[in-house]
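Comments concern the structure below.
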Amino acid sequence: MKRLGYYNGKYGPLEEMTIPMNDRVCWFGDGVYDAGPCRNYKIFALDEHVDRFFRNAAWLGVEMPLTKEEFKDLLNKLVHEMDSGDLFVYMQLTRAASVPRQHPYTEGPGSLWVTLNPAKIPDGRVPIKLITREDTRFFHCNIKTLNLIPAVMASEAAKQAGCDEAVLYRAPDRVTEGSHSNIHIIKDGTLHTAPLDNLILPGIARAHLLRACDALGIPYVEEPYTLDDLANADEILMTSSSNLCRHADQLDGKPAGMKDPETYDKILTWLIDEFTNETGG
Ligand code: PDD
């Protein structure tokens, strides 16, 4: 299969799958999701994604219909239905359907979704372009919920500006993260990244970046930093599961970063090595 969709036990070509109108995701975006890359039919960092997915479901009180082991078996089985083993693996759990529409939680097992689409990790050496946008999201950004409209709007603004990602900041100037990525800077050999609070998603690629820094002896601090810090950074890094790690050469139309390519290259090489080793060389 080229693109696969799974919904509550049924699966087939993504284009042919349909979902019931009373799925609460349609009314409230009531659910959680996770996503990560697969290479050579091996899902990268599978345990970390499944752990976060289950943790988020528990936070929102959505009942998971499978155990972690059953769910991992399901994902591995679905991946082997595909024509290519290089994929973006997307999983979603929405709260049990409610009829009629009602705001309070409904009881019962949630609806489980999986989509698989062909994808490859892009070349991290090719720089990306960023814009900045005020972070207008809610205060539960640490939970990977499906309420993504502010992120979608910021991402569209980046696209309209001919850029790859929007860097979000809470007024007046605290950088939080990207619309669908984490953002970090390198200054004088130290990596700076926003702390894990309710304003950012604890990215799995971010965790791997910090592991790379530990392994390479690169110091890092997890503290708030500002738009000025971003504009004056030696390097601006973006991490996400679909990209691993990228660096930027432009911010709001002006040249930015690209002043410490050696450190960036060391980090990127470590991350690519880890990814290729874990997914079969
Ligand atoms: N987005 N921050 C936000 C707001 C995100 O949406 C994402 C990922 C990240 C990076 O998390 P991770 O390293 O675990 O992928 C940070 C996914 C990929 C998406 O929405 O498609």
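Going through the structure tokens in order, the chains are called A, B, and so on, while each chain numbers its residues from 1 and the ligands are numbered from 1 in the order shown.
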Give me the residues within 12 Å of Asp51 in chain A as a list in words, counting only C-alpha atoms and dropping any in the same chain fewer than 6 places off.
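Non-adjacent residues within range: Tyr33, Asp34, Ala35, Ala45, Ala57, Ala58, Thr67, Lys68, Glu69, Phe71, Lys72 and Ile204 of chain A.
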Output file for the residues above (N, CA, C and O atoms, as a short mmCIF file (atom, residue, chain, number, x, y, z; two decimals), in the first residue's frame):
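Below is the file that was written, result23.cif:
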data_model
loop_
_atom_site.label_atom_id
_atom_site.label_comp_id
_atom_site.auth_asym_id
_atom_site.auth_seq_id
_atom_site.Cartn_x
_atom_site.Cartn_y
_atom_site.Cartn_z
N TYR A 33 -2.31 13.18 19.74
CA TYR A 33 -1.65 12.51 18.62
C TYR A 33 -0.16 12.40 18.90
O TYR A 33 0.36 13.00 19.86
N ASP A 34 0.51 11.66 18.07
CA ASP A 34 1.96 11.60 18.09
C ASP A 34 2.41 11.22 16.69
O ASP A 34 1.59 10.80 15.86
N ALA A 35 3.68 11.38 16.42
CA ALA A 35 4.16 11.11 15.05
C ALA A 35 5.66 10.96 15.06
O ALA A 35 6.35 11.62 15.85
N ALA A 45 12.75 5.48 17.52
CA ALA A 45 12.35 5.96 18.87
C ALA A 45 10.91 5.56 19.19
O ALA A 45 10.15 6.35 19.79
N ALA A 57 -2.68 10.80 26.43
CA ALA A 57 -4.05 10.26 26.51
C ALA A 57 -4.49 10.22 27.97
O ALA A 57 -5.62 10.61 28.30
N ALA A 58 -3.60 9.80 28.86
CA ALA A 58 -3.95 9.72 30.28
C ALA A 58 -4.22 11.12 30.84
O ALA A 58 -5.16 11.31 31.62
N THR A 67 -3.07 -2.05 24.96
CA THR A 67 -1.91 -1.85 25.81
C THR A 67 -0.77 -1.30 24.94
O THR A 67 -0.83 -1.37 23.70
N LYS A 68 0.28 -0.81 25.60
CA LYS A 68 1.43 -0.30 24.82
C LYS A 68 1.99 -1.37 23.91
O LYS A 68 2.31 -1.11 22.74
N GLU A 69 2.12 -2.60 24.44
CA GLU A 69 2.71 -3.68 23.63
C GLU A 69 1.82 -4.00 22.44
O GLU A 69 2.30 -4.19 21.32
N PHE A 71 -0.24 -2.02 21.00
CA PHE A 71 -0.21 -0.91 20.05
C PHE A 71 1.08 -0.92 19.21
O PHE A 71 1.05 -0.70 18.00
N LYS A 72 2.20 -1.23 19.87
CA LYS A 72 3.47 -1.30 19.12
C LYS A 72 3.40 -2.42 18.09
O LYS A 72 3.85 -2.26 16.95
N ILE A 204 10.63 14.91 21.14
CA ILE A 204 11.51 13.74 21.21
C ILE A 204 12.82 14.05 20.48
O ILE A 204 13.91 13.69 20.96
#
At a cut-off of 10 Å around ligand 1, and using only C-alpha atoms and all ligand atoms, what residues come up? Please write them as a PyMOL selection string.
chain A and resi 33-37+45+48-49+52+88-90+137+141-146+148+151-152+168+176-183+199-209+238-245
Neighbour list for Met258 in chain A as number ranges by chain, cut-off 7 Å, only C-alpha atoms, skip fewer than 4 positions in-chain:
A: 234-235, 249
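In terms of minimum interatomic distance to Thr106 in chain A, A:Asp23 ranks closest within A:Asp23, A:Asp273, A:Asp229, A:Glu15, counting only C-alpha atoms.
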Which residues are close to Ala161 in chain A, i.e. within 10 Å by only C-alpha atoms, leaving aside same-chain residues fewer than 4 positions away? Reply as number ranges by chain.
A: 129-131, 155-157, 165-166, 252-253
Helix (DSSP H, G or I) per DSSP on the backbone: members of range 32-193 of chain A, as an MDAnalysis selection string:
chainID A and resid 46:60 68:79 149:160
Pick out the residues sitting within 7 Å of Arg125 in chain A, and hand them over as a list in words; count only C-alpha atoms, and ignore anything fewer than 2 positions along from it in its own chain.
Asp123, Pro127 and Arg246 of chain A
